[in-house]
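Printed here is final.csv (CSV, C-alpha atoms):
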```csv
chain,number,residue,atom,x,y,z
A,1,HIS,CA,35.9,68.5,41.6
A,2,LEU,CA,39.6,69.4,41.4
A,3,GLY,CA,41.4,68.5,38.3
A,4,ILE,CA,45.2,68.7,37.7
A,5,LEU,CA,46.9,69.3,34.4
A,6,SER,CA,50.6,68.5,34.7
A,7,ALA,CA,53.0,69.3,31.9
A,8,ARG,CA,56.4,70.3,30.7
A,9,PRO,CA,56.8,73.1,28.1
A,10,MET,CA,54.2,73.8,25.4
A,11,ALA,CA,54.8,70.8,23.3
A,12,ALA,CA,53.2,68.6,25.9
A,13,CYS,CA,50.2,70.8,26.6
A,14,MET,CA,48.1,72.6,23.9
A,15,THR,CA,45.7,71.5,21.0
A,16,SER,CA,62.3,98.1,30.1
A,17,LYS,CA,64.8,97.6,32.2
A,18,MET,CA,66.4,94.5,31.3
A,19,ALA,CA,68.1,92.5,34.0
A,20,VAL,CA,71.4,91.0,32.8
A,21,ALA,CA,72.9,88.0,34.7
A,22,PRO,CA,76.5,88.6,35.7
A,23,SER,CA,79.0,85.8,35.7
A,24,ARG,CA,79.0,83.5,38.7
A,25,GLY,CA,82.5,84.5,39.5
A,26,ALA,CA,81.6,88.1,39.7
A,27,LEU,CA,78.5,87.3,41.7
A,28,ALA,CA,80.6,85.3,44.2
A,29,ARG,CA,83.0,88.2,44.7
A,30,LYS,CA,80.0,90.6,45.1
A,31,VAL,CA,78.3,88.5,47.7
A,32,SER,CA,81.5,87.5,49.6
A,33,VAL,CA,82.1,91.0,50.9
A,34,LYS,CA,79.0,90.6,53.0
A,35,ALA,CA,80.0,87.2,54.4
A,36,ALA,CA,80.9,88.4,57.9
A,37,ARG,CA,77.7,90.2,58.4
A,38,ARG,CA,75.7,87.3,57.0
A,39,ASN,CA,77.4,84.8,59.3
A,40,ALA,CA,76.7,87.0,62.3
A,41,ILE,CA,73.0,87.0,61.4
A,42,ARG,CA,72.9,83.3,60.9
A,43,VAL,CA,73.4,82.5,64.6
A,44,ARG,CA,69.9,83.6,65.2
A,45,ALA,CA,67.5,80.7,65.6
A,46,PHE,CA,63.7,80.9,65.1
A,47,ALA,CA,61.2,78.7,67.0
A,48,PRO,CA,58.0,77.3,65.7
A,49,ALA,CA,55.0,79.7,66.1
A,50,TYR,CA,51.4,78.9,66.5
A,51,ASP,CA,48.0,80.6,66.2
A,52,GLU,CA,45.0,79.8,68.4
A,53,VAL,CA,41.9,79.1,66.3
A,54,PHE,CA,38.5,77.9,67.3
A,55,ASP,CA,37.8,74.3,66.3
A,56,GLY,CA,34.1,73.9,65.4
A,57,ASN,CA,34.2,70.1,66.0
A,58,SER,CA,35.7,70.2,69.5
A,59,GLY,CA,34.2,73.5,70.5
A,60,GLN,CA,37.7,74.6,71.8
A,61,MET,CA,40.6,76.8,70.9
A,62,GLU,CA,43.4,74.8,69.3
A,63,LYS,CA,46.9,75.6,68.4
A,64,VAL,CA,47.7,75.7,64.6
A,65,LEU,CA,51.2,76.0,63.2
A,66,SER,CA,51.9,79.5,61.9
A,67,GLN,CA,54.7,82.0,61.5
A,68,SER,CA,56.3,84.5,63.8
A,69,ILE,CA,56.3,88.2,62.9
A,70,GLU,CA,59.8,89.6,62.8
A,71,SER,CA,61.4,92.9,62.0
A,72,ILE,CA,64.8,94.0,60.6
A,73,SER,CA,66.5,97.1,59.1
A,74,ALA,CA,67.7,96.7,55.5
A,75,GLY,CA,68.4,99.1,52.7
A,76,GLY,CA,67.3,102.1,54.8
A,77,LEU,CA,63.9,100.6,55.4
A,78,GLU,CA,62.3,98.9,58.4
A,79,TRP,CA,60.9,95.5,57.3
A,80,SER,CA,58.3,93.3,58.8
A,81,TYR,CA,58.4,89.7,57.7
A,82,ARG,CA,57.0,86.3,58.6
A,83,VAL,CA,59.2,83.4,59.4
A,84,GLY,CA,57.8,79.9,59.3
A,85,VAL,CA,59.7,77.1,61.1
A,86,PRO,CA,58.9,73.3,61.0
A,87,GLU,CA,57.5,71.8,64.2
A,88,GLU,CA,59.8,70.0,66.5
A,89,GLY,CA,60.3,66.4,65.3
A,90,THR,CA,59.9,67.3,61.6
A,91,GLU,CA,63.1,66.7,59.6
A,92,ALA,CA,64.2,70.1,58.4
A,93,LYS,CA,64.9,70.6,54.7
A,94,PRO,CA,68.3,72.2,53.9
A,95,THR,CA,66.9,74.9,51.6
A,96,LYS,CA,65.0,78.0,52.9
A,97,VAL,CA,62.0,79.3,50.9
A,98,LEU,CA,61.6,83.1,50.2
A,99,MET,CA,58.0,84.0,49.4
A,100,VAL,CA,57.2,87.3,47.6
A,101,HIS,CA,53.7,88.7,47.5
A,102,GLY,CA,52.2,90.9,44.8
A,103,ALA,CA,51.3,94.6,44.8
A,104,GLY,CA,48.4,95.5,47.1
A,105,LEU,CA,48.7,92.4,49.3
A,106,ASN,CA,51.1,91.5,52.1
A,107,SER,CA,53.0,88.6,53.5
A,108,PHE,CA,49.9,87.2,55.2
A,109,THR,CA,48.8,85.9,51.8
A,110,TYR,CA,51.3,83.0,52.3
A,111,ASN,CA,50.1,82.1,55.8
A,112,LYS,CA,48.4,78.8,54.8
A,113,LEU,CA,50.8,77.9,52.0
A,114,SER,CA,53.8,78.5,54.4
A,115,ARG,CA,52.1,76.2,57.0
A,116,GLU,CA,51.9,73.4,54.5
A,117,LEU,CA,55.6,73.8,53.5
A,118,GLN,CA,56.6,74.0,57.2
A,119,LYS,CA,54.9,70.6,57.7
A,120,MET,CA,57.2,69.3,55.0
A,121,GLY,CA,60.2,70.6,56.8
A,122,TYR,CA,60.8,74.0,55.1
A,123,THR,CA,61.7,77.2,56.8
A,124,THR,CA,60.0,80.1,55.0
A,125,PHE,CA,60.7,83.9,54.9
A,126,ALA,CA,57.8,86.1,53.7
A,127,PRO,CA,58.5,89.9,53.8
A,128,ASP,CA,56.0,92.6,53.6
A,129,MET,CA,57.4,94.4,50.5
A,130,PRO,CA,58.1,98.2,50.9
A,131,GLY,CA,54.9,100.2,51.0
A,132,HIS,CA,53.0,97.1,52.0
A,133,GLY,CA,51.9,95.5,55.3
A,134,ALA,CA,53.9,96.7,58.3
A,135,THR,CA,57.1,97.5,56.3
A,136,SER,CA,58.2,101.2,55.8
A,137,LYS,CA,56.2,103.2,53.4
A,138,PRO,CA,58.7,105.9,52.3
A,139,THR,CA,57.7,109.1,50.6
A,140,SER,CA,61.2,109.9,49.4
A,141,GLY,CA,64.3,107.9,48.6
A,142,PHE,CA,62.3,104.9,47.3
A,143,ASP,CA,60.3,105.5,44.1
A,144,TYR,CA,58.4,102.1,44.0
A,145,SER,CA,59.8,101.2,40.6
A,146,ALA,CA,60.7,97.6,39.8
A,147,ALA,CA,64.4,98.5,40.1
A,148,SER,CA,63.8,99.9,43.6
A,149,TYR,CA,61.9,96.8,44.7
A,150,GLN,CA,64.6,94.6,43.2
A,151,SER,CA,67.4,96.4,45.1
A,152,ALA,CA,65.3,96.5,48.3
A,153,LEU,CA,64.6,92.8,48.2
A,154,GLU,CA,68.3,92.0,47.8
A,155,ALA,CA,69.1,94.2,50.8
A,156,PHE,CA,66.4,92.3,52.8
A,157,MET,CA,67.8,89.0,51.9
A,158,THR,CA,71.3,90.1,52.9
A,159,ALA,CA,70.1,91.4,56.2
A,160,ALA,CA,68.0,88.3,56.9
A,161,GLY,CA,71.0,86.1,56.2
A,162,ILE,CA,69.5,84.3,53.2
A,163,ALA,CA,71.7,85.9,50.4
A,164,ASP,CA,74.4,83.2,50.0
A,165,VAL,CA,75.8,81.7,46.8
A,166,GLU,CA,76.9,78.7,48.8
A,167,ASP,CA,73.3,78.2,50.2
A,168,PRO,CA,70.9,79.5,47.6
A,169,VAL,CA,67.2,79.9,48.5
A,170,ASP,CA,64.1,78.6,46.7
A,171,MET,CA,61.6,81.4,45.9
A,172,VAL,CA,57.9,81.5,45.4
A,173,VAL,CA,56.3,84.6,43.7
A,174,SER,CA,52.7,85.5,42.9
A,175,GLY,CA,50.7,88.6,41.9
A,176,TYR,CA,51.7,91.9,40.3
A,177,ILE,CA,54.7,94.1,40.1
A,178,THR,CA,56.6,93.3,43.3
A,179,SER,CA,56.7,89.7,42.3
A,180,GLN,CA,58.0,90.6,38.8
A,181,ALA,CA,60.7,92.7,40.5
A,182,ALA,CA,61.6,89.5,42.4
A,183,LEU,CA,61.9,87.6,39.2
A,184,LEU,CA,64.2,90.2,37.8
A,185,LEU,CA,66.4,89.9,40.9
A,186,ALA,CA,66.7,86.2,40.5
A,187,ALA,CA,67.7,86.6,36.8
A,188,ALA,CA,70.3,89.3,37.7
A,189,ASN,CA,71.6,87.3,40.7
A,190,PRO,CA,71.2,83.6,39.8
A,191,GLY,CA,73.7,82.4,42.3
A,192,LEU,CA,71.4,83.4,45.2
A,193,PHE,CA,68.5,81.2,44.0
A,194,ARG,CA,68.2,77.5,43.6
A,195,ARG,CA,64.7,77.1,42.2
A,196,VAL,CA,61.8,79.5,41.4
A,197,ILE,CA,58.1,78.8,41.6
A,198,VAL,CA,55.8,81.2,39.8
A,199,MET,CA,52.1,81.3,40.8
A,200,ASN,CA,49.7,83.4,38.7
A,201,THR,CA,51.9,86.4,37.9
A,202,PRO,CA,51.7,88.5,34.7
A,203,LEU,CA,53.9,86.8,32.1
A,204,GLY,CA,52.8,88.0,28.7
A,205,PRO,CA,51.3,90.9,26.7
A,206,GLY,CA,47.8,89.5,27.1
A,207,HIS,CA,48.1,89.9,30.9
A,208,LYS,CA,46.6,93.2,32.1
A,209,LEU,CA,46.2,95.0,35.4
A,210,PRO,CA,42.9,94.2,37.2
A,211,ASP,CA,40.5,97.0,37.7
A,212,PRO,CA,41.5,97.7,41.4
A,213,LEU,CA,45.1,98.4,40.1
A,214,ALA,CA,44.3,99.8,36.7
A,215,VAL,CA,42.2,102.6,38.2
A,216,TYR,CA,45.5,104.4,39.0
A,217,THR,CA,46.4,104.4,35.3
A,218,ARG,CA,43.3,106.3,34.1
A,219,PRO,CA,44.0,109.1,31.6
A,220,PHE,CA,44.4,112.7,32.7
A,221,GLY,CA,45.0,111.6,36.3
A,222,MET,CA,41.4,110.6,36.8
A,223,GLY,CA,42.5,107.7,39.0
A,224,LYS,CA,44.8,109.8,41.2
A,225,GLY,CA,43.9,109.4,44.9
A,226,ALA,CA,41.6,106.5,44.3
A,227,GLN,CA,40.8,104.3,47.2
A,228,ALA,CA,42.8,101.0,47.6
A,229,ASP,CA,40.1,98.4,46.9
A,230,VAL,CA,42.0,95.4,48.3
A,231,TYR,CA,38.7,93.5,48.8
A,232,LYS,CA,38.1,93.5,45.1
A,233,LEU,CA,41.7,92.9,44.2
A,234,ALA,CA,41.9,89.8,46.4
A,235,TYR,CA,38.4,88.5,46.0
A,236,PHE,CA,37.3,89.0,42.4
A,237,GLY,CA,40.2,87.0,40.8
A,238,ASN,CA,39.6,83.9,42.9
A,239,GLU,CA,37.4,80.9,42.4
A,240,PHE,CA,36.3,80.6,46.0
A,241,ALA,CA,35.1,83.1,48.7
A,242,ILE,CA,37.7,84.5,51.1
A,243,PRO,CA,36.5,84.5,54.7
A,244,GLU,CA,35.8,87.8,56.3
A,245,GLU,CA,38.4,87.4,59.0
A,246,THR,CA,41.0,86.6,56.3
A,247,MET,CA,40.0,89.6,54.2
A,248,ALA,CA,40.4,91.8,57.2
A,249,LYS,CA,44.1,90.8,57.2
A,250,TYR,CA,44.5,92.1,53.7
A,251,GLU,CA,42.6,95.3,54.3
A,252,ALA,CA,44.3,96.1,57.6
A,253,PRO,CA,47.3,98.0,56.2
A,254,TYR,CA,44.9,100.4,54.4
A,255,ALA,CA,43.0,101.4,57.5
A,256,GLY,CA,44.2,103.4,60.5
A,257,GLY,CA,47.0,105.9,60.8
A,258,ASP,CA,49.1,104.3,58.1
A,259,GLY,CA,46.3,103.8,55.7
A,260,GLU,CA,46.9,106.8,53.4
A,261,ALA,CA,50.6,106.0,53.2
A,262,ALA,CA,49.8,102.5,52.2
A,263,ARG,CA,47.3,103.7,49.6
A,264,ALA,CA,49.8,106.2,48.1
A,265,ALA,CA,52.5,103.5,48.0
A,266,LEU,CA,50.1,101.2,46.0
A,267,GLU,CA,49.3,104.0,43.6
A,268,ALA,CA,53.0,104.7,43.1
A,269,SER,CA,53.7,101.0,42.6
A,270,VAL,CA,51.2,101.0,39.7
A,271,THR,CA,52.1,104.4,38.1
A,272,LYS,CA,55.9,103.9,38.3
A,273,ASN,CA,55.7,100.6,36.4
A,274,ASP,CA,54.3,100.1,33.0
A,275,LEU,CA,53.0,96.5,33.2
A,276,LYS,CA,53.7,95.7,29.5
A,277,ALA,CA,57.3,96.9,29.7
A,278,LEU,CA,57.8,95.2,33.0
A,279,THR,CA,56.5,91.9,31.7
A,280,SER,CA,58.6,92.2,28.6
A,281,ALA,CA,61.7,92.8,30.8
A,282,VAL,CA,61.0,89.7,32.8
A,283,SER,CA,60.6,87.6,29.7
A,284,LYS,CA,63.9,88.9,28.2
A,285,ALA,CA,65.8,88.5,31.5
A,286,TRP,CA,64.6,84.8,31.7
A,287,SER,CA,65.4,84.0,28.1
A,288,VAL,CA,69.1,83.5,28.8
A,289,ARG,CA,70.9,80.4,29.9
A,290,GLY,CA,72.3,79.5,33.3
A,291,LEU,CA,69.4,80.8,35.4
A,292,PRO,CA,67.6,78.9,38.3
A,293,LYS,CA,65.1,76.2,37.4
A,294,VAL,CA,61.5,77.4,37.1
A,295,ARG,CA,58.2,75.7,37.8
A,296,ILE,CA,54.9,77.4,37.2
A,297,VAL,CA,52.0,76.4,39.6
A,298,TRP,CA,49.0,78.0,38.0
A,299,GLY,CA,45.3,78.4,38.9
A,300,VAL,CA,43.6,78.1,35.6
A,301,ASN,CA,40.3,79.7,36.8
A,302,ASP,CA,42.1,83.0,37.3
A,303,LYS,CA,39.7,85.8,36.6
A,304,TYR,CA,42.5,88.2,35.9
A,305,LEU,CA,45.3,86.3,34.1
A,306,GLY,CA,44.5,83.9,31.3
A,307,ASP,CA,46.6,80.8,30.8
A,308,LYS,CA,47.5,81.4,27.1
A,309,ASP,CA,50.3,83.8,28.0
A,310,MET,CA,51.6,81.5,30.7
A,311,TYR,CA,51.9,78.6,28.2
A,312,LYS,CA,53.8,80.8,25.8
A,313,TRP,CA,56.2,82.1,28.6
A,314,ALA,CA,56.8,78.5,29.7
A,315,GLU,CA,57.8,77.5,26.2
A,316,ASP,CA,60.0,80.6,25.7
A,317,VAL,CA,62.0,80.1,28.9
A,318,ARG,CA,61.7,76.3,29.0
A,319,ALA,CA,59.9,76.3,32.3
A,320,THR,CA,57.7,73.4,33.4
A,321,PHE,CA,54.3,73.8,34.9
A,322,ASP,CA,51.4,72.4,36.8
A,323,CYS,CA,47.9,73.7,36.1
A,324,ILE,CA,45.3,73.4,38.9
A,325,ARG,CA,41.7,73.4,37.8
A,326,SER,CA,39.0,75.0,40.0
A,327,VAL,CA,41.6,77.3,41.4
A,328,GLY,CA,41.7,81.1,40.7
A,329,HIS,CA,44.2,83.9,40.9
A,330,MET,CA,45.5,83.1,44.4
A,331,PRO,CA,46.3,79.3,44.7
A,332,GLN,CA,47.7,80.1,48.1
A,333,GLU,CA,44.2,81.1,49.2
A,334,ASP,CA,42.0,78.8,47.0
A,335,PHE,CA,43.8,75.6,47.6
A,336,PRO,CA,47.1,75.9,49.6
A,337,GLN,CA,47.3,72.2,50.3
A,338,GLU,CA,47.3,71.3,46.5
A,339,ALA,CA,49.7,74.2,45.7
A,340,ALA,CA,52.1,73.0,48.4
A,341,LYS,CA,52.0,69.5,47.1
A,342,PHE,CA,53.2,70.5,43.7
A,343,ILE,CA,55.7,73.0,45.1
A,344,GLY,CA,57.1,70.6,47.6
A,345,ALA,CA,57.5,67.8,45.0
A,346,TYR,CA,59.3,70.2,42.7
A,347,LEU,CA,61.7,71.5,45.3
A,348,GLU,CA,62.6,67.9,46.3
A,349,SER,CA,63.0,66.7,42.7
A,350,GLU,CA,66.0,66.1,40.6
A,351,LEU,CA,65.2,67.1,37.0
A,352,LYS,CA,66.5,65.0,34.2
A,353,VAL,CA,68.6,67.9,32.8
A,354,SER,CA,71.1,68.1,35.6
A,355,ALA,CA,71.2,68.2,39.3
A,356,LEU,CA,72.8,71.7,39.2
A,357,GLY,CA,72.0,73.1,35.8
A,358,SER,CA,69.1,75.1,34.5
A,359,VAL,CA,66.1,73.6,32.7
A,360,ARG,CA,67.1,76.0,29.9
A,361,LEU,CA,70.4,74.2,29.4
A,362,GLY,CA,68.5,71.4,27.7
A,363,LYS,CA,65.0,70.1,27.3
A,364,VAL,CA,63.3,68.0,29.9
A,365,THR,CA,62.4,65.0,27.8
A,366,LYS,CA,60.1,63.3,30.2
A,367,ASP,CA,57.0,64.7,31.8
A,368,ASP,CA,57.5,62.5,34.9
A,369,ASP,CA,60.6,64.4,36.1
A,370,TYR,CA,59.4,63.9,39.6
A,371,GLN,CA,56.8,61.8,41.4
A,372,ARG,CA,53.6,63.9,41.8
```
Turn this file's structure into structure tokens for me.
Amino acid sequence: HLGILSARPMAACMTSKMAVAPSRGALARKVSVKAARRNAIRVRAFAPAYDEVFDGNSGQMEKVLSQSIESISAGGLEWSYRVGVPEEGTEAKPTKVLMVHGAGLNSFTYNKLSRELQKMGYTTFAPDMPGHGATSKPTSGFDYSAASYQSALEAFMTAAGIADVEDPVDMVVSGYITSQAALLLAAANPGLFRRVIVMNTPLGPGHKLPDPLAVYTRPFGMGKGAQADVYKLAYFGNEFAIPEETMAKYEAPYAGGDGEAARAALEASVTKNDLKALTSAVSKAWSVRGLPKVRIVWGVNDKYLGDKDMYKWAEDVRATFDCIRSVGHMPQEDFPQEAAKFIGAYLESELKVSALGSVRLGKVTKDDDYQR
């Protein structure tokens, strides 16, 4: 049985490198110099994409809404990314959604969640972060620190035509390290983002690396060169089994000719970023006023990340949240339909604070700030 706990900050619920947000005027000047390039990119139109899957009921292959796989050069890297477009006849929403995966995974993790959002009318962009999936895995010039990921993601957004203070995106993040770098980017460049959704990401000192990532932090270099155990990373934190064909998509980048480069990139991502310091930097960056509105959509049966630190973070930054019972570390895998329902409702809502302001500019005094 699936149970939902919906709440605003803590009062309604229970019993580094610091990013500094510039002024909006400075941000506007910074982004405007890229306007000509952005406008040229915008003329590109994407079409709906479909996968063919076997339907056990009909015994035939059927088309299912999916995402196209695109490529682009940005920040000295070659990026692979998924673009999800609503089907013809679906009213398109005006705001695009950027989806950032965690360390060790790739953009495929959002395949099902993106499909649900596309059905609602959203266009989604989900990049393979550097060192992951089919994006470049550099051995020099990119050190896999949070700062490098932050700069790279901003470069990707600019090249993809979704870095615009006049048309800010909504962003969904989940997982470790790369997702936290994305949160730092949103705090440092608030004009580029309208709303942010956080799904099961480290948010407090009680949140630790899971064993498949922590292996690289063993003392005296004992974890150096360890195999990338993506099966364990993706599977053991969840509430439900991940099908074999789905797991193959997660493991694919770590096999074949690029496998060692992907493994080395994952190791570097862990060793270049102290999780405690990174989590602290995110908390400090999001403690200031004037940032995008935040909603947490949390699987409370997460085997890696307890919900205590999430509640505390929500209180500290005045974020609101939905807790989904019987869902684990990856809501996008365990129950994408339910996660999409809460994400979609939040993206379409008008909070009581202000249509344009941050939830941190004042408290949300009612729990029913949107229709769930």
Close residues, Ile69 of chain A itself excluded, 7 Å, only C-alpha atoms, min 3 positions apart in chain, as a list in words: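 Residues near the query, excluding close chain neighbours: Ser80, Tyr81, Arg82 and Val83 of chain A.
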Closest of A:Leu291, A:Ala146, A:Leu65, A:Ile296 to Ile177 of chain A, counting all atoms listed in the file, is A:Ala146
Under the rule of at most 7 Å, produce a per-residue listing of segment 176-240 of chain A near segment 299-323 of chain A: chain, number, name, the closest pair of atoms, and the distance in Å, as CSV, using only C-alpha atoms.
```
residue,atom,partner,partner_atom,distance
A:Asn200,CA,A:Gly299,CA,6.7
A:Pro202,CA,A:Leu305,CA,6.8
A:Leu203,CA,A:Met310,CA,5.9
A:Gly204,CA,A:Asp309,CA,4.9
A:Gly206,CA,A:Asp309,CA,6.3
A:His207,CA,A:Leu305,CA,5.6
A:Pro210,CA,A:Tyr304,CA,6.2
A:Gly237,CA,A:Lys303,CA,4.4
A:Asn238,CA,A:Asp302,CA,6.2
A:Glu239,CA,A:Asn301,CA,6.4
```
For the selection you just gave me, I'd like the residues written to a file as a PDB file, in the frame of the given file, keeping C-alpha atoms.
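Printed below is again_14.pdb as written:
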```
ATOM      1  CA  ASN A 200      49.700  83.400  38.700  1.00  0.00           C
ATOM      2  CA  PRO A 202      51.700  88.500  34.700  1.00  0.00           C
ATOM      3  CA  LEU A 203      53.900  86.800  32.100  1.00  0.00           C
ATOM      4  CA  GLY A 204      52.800  88.000  28.700  1.00  0.00           C
ATOM      5  CA  GLY A 206      47.800  89.500  27.100  1.00  0.00           C
ATOM      6  CA  HIS A 207      48.100  89.900  30.900  1.00  0.00           C
ATOM      7  CA  PRO A 210      42.900  94.200  37.200  1.00  0.00           C
ATOM      8  CA  GLY A 237      40.200  87.000  40.800  1.00  0.00           C
ATOM      9  CA  ASN A 238      39.600  83.900  42.900  1.00  0.00           C
ATOM     10  CA  GLU A 239      37.400  80.900  42.400  1.00  0.00           C
TER      11      GLU A 239
END
```
Could you jot down the atom CA of Thr135 of chain A to atom CA of Ser179 of chain A separation for me, Å, one decimal place?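 That distance, rounded to one decimal, is 16.0 Å.
Between atom CA of Val85 of chain A and atom CA of Ala339 of chain A the interatomic distance comes to 18.6 Å.
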Using all atoms listed in the file, I'd like a table of the residues in segment 225-250 of chain A that come within 12 Å of segment 267-276 of chain A; for each, show the closest atom pair and its distance in Å rounded to one decimal, ordered by chain and ascending number, as a Markdown table.
```
| residue | atom | partner | partner_atom | distance |
| --- | --- | --- | --- | --- |
| A:Gly225 | CA | A:Glu267 | CA | 7.7 |
| A:Ala226 | CA | A:Glu267 | CA | 8.1 |
| A:Gln227 | CA | A:Glu267 | CA | 9.2 |
| A:Ala228 | CA | A:Glu267 | CA | 8.2 |
| A:Asp229 | CA | A:Glu267 | CA | 11.3 |
```
Can I get the selected residues back with C-alpha atoms, as a PDB file, in the frame of the given file?
```pdb
ATOM      1  CA  GLY A 225      43.900 109.400  44.900  1.00  0.00           C
ATOM      2  CA  ALA A 226      41.600 106.500  44.300  1.00  0.00           C
ATOM      3  CA  GLN A 227      40.800 104.300  47.200  1.00  0.00           C
ATOM      4  CA  ALA A 228      42.800 101.000  47.600  1.00  0.00           C
ATOM      5  CA  ASP A 229      40.100  98.400  46.900  1.00  0.00           C
TER       6      ASP A 229
END
```
Counting all atoms listed in the file, closest pick from A:Asp211, A:Glu333, A:Asp167, A:Glu154 relative to Leu185 of chain A is A:Glu154
I'd like the neighbourhood of Leu98 of chain A as an MDAnalysis selection string, where a residue qualifies if any of its atoms comes within 9 Å (using all atoms listed in the file), though same-chain residues fewer than 5 positions away should be ignored. chainID A and resid 123:127 157 162 169:173
Find the residues near Gly104 of chain A: any atom within 7 Å, counting all atoms listed in the file, skip ones fewer than 4 places away on the same chain, and give them as a list in words.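 What passes the distance filter is His132, Val230 and Leu266 of chain A.
Atom CA of Phe335 of chain A sits 29.2 Å away from atom CA of Ala265 of chain A.
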With all atoms listed in the file as the atoms that count, which of A:Tyr216, A:Tyr122, A:Phe342, A:Tyr250 lies nearest to Pro94 of chain A?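 Using all atoms listed in the file, Pro94 of chain A sits closest to A:Tyr122.
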From the set A:Ser140, A:Ser283, A:Thr95, A:Asn189, which residue has the shortest atom-to-atom contact distance to Met120 of chain A, counting only C-alpha atoms? A:Thr95
With a distance cut-off of 7 Å and only C-alpha atoms, select the neighbouring residues of Ala49 of chain A, excluding the residue or stretch itself and same-chain residues fewer than 4 positions from it, and output the selection as a PyMOL selection string. chain A and resi 65-68
Which of these residues is nearest to Pro130 of chain A, using all atoms listed in the file: A:Lys112, A:Gly76, A:Ala159, A:Val165? A:Gly76
Which of these residues is nearest to Ser151 of chain A, using only C-alpha atoms: A:Gly191, A:Gly175, A:Gly75, A:Gly131?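 Of all the options, A:Gly75 lies closest to Ser151 of chain A.
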As a short mmCIF file (atom, residue, chain, number, x, y, z; two decimals), keeping the file's coordinate frame, could you write out segment 201-212 of chain A once it has been completed with N, CA, C and O atoms?
```
data_model
loop_
_atom_site.label_atom_id
_atom_site.label_comp_id
_atom_site.auth_asym_id
_atom_site.auth_seq_id
_atom_site.Cartn_x
_atom_site.Cartn_y
_atom_site.Cartn_z
N THR A 201 51.24 85.09 38.01
CA THR A 201 51.90 86.40 37.90
C THR A 201 51.87 86.79 36.41
O THR A 201 51.93 85.92 35.54
N PRO A 202 51.76 88.07 36.09
CA PRO A 202 51.70 88.50 34.70
C PRO A 202 52.99 88.01 33.94
O PRO A 202 54.11 88.29 34.38
N LEU A 203 52.79 87.33 32.82
CA LEU A 203 53.90 86.80 32.10
C LEU A 203 53.92 87.09 30.60
O LEU A 203 54.88 86.75 29.91
N GLY A 204 52.87 87.74 30.10
CA GLY A 204 52.80 88.00 28.70
C GLY A 204 52.01 89.24 28.34
O GLY A 204 51.34 89.82 29.21
N PRO A 205 52.00 89.66 27.07
CA PRO A 205 51.30 90.90 26.70
C PRO A 205 49.81 90.83 26.84
O PRO A 205 49.15 91.87 26.91
N GLY A 206 49.25 89.64 26.91
CA GLY A 206 47.80 89.50 27.10
C GLY A 206 47.40 89.69 28.58
O GLY A 206 46.21 89.75 28.88
N HIS A 207 48.36 89.78 29.47
CA HIS A 207 48.10 89.90 30.90
C HIS A 207 48.00 91.43 31.25
O HIS A 207 48.96 92.16 31.04
N LYS A 208 46.88 91.84 31.76
CA LYS A 208 46.60 93.20 32.10
C LYS A 208 46.45 93.45 33.58
O LYS A 208 46.25 92.50 34.33
N LEU A 209 46.50 94.69 33.99
CA LEU A 209 46.20 95.00 35.40
C LEU A 209 44.71 94.80 35.65
O LEU A 209 43.86 95.16 34.83
N PRO A 210 44.36 94.24 36.80
CA PRO A 210 42.90 94.20 37.20
C PRO A 210 42.41 95.54 37.52
O PRO A 210 43.19 96.45 37.85
N ASP A 211 41.10 95.70 37.49
CA ASP A 211 40.50 97.00 37.70
C ASP A 211 40.98 97.70 39.01
O ASP A 211 41.22 98.92 38.99
N PRO A 212 41.13 96.98 40.13
CA PRO A 212 41.50 97.70 41.40
C PRO A 212 42.93 98.31 41.27
O PRO A 212 43.24 99.22 42.04
#
```
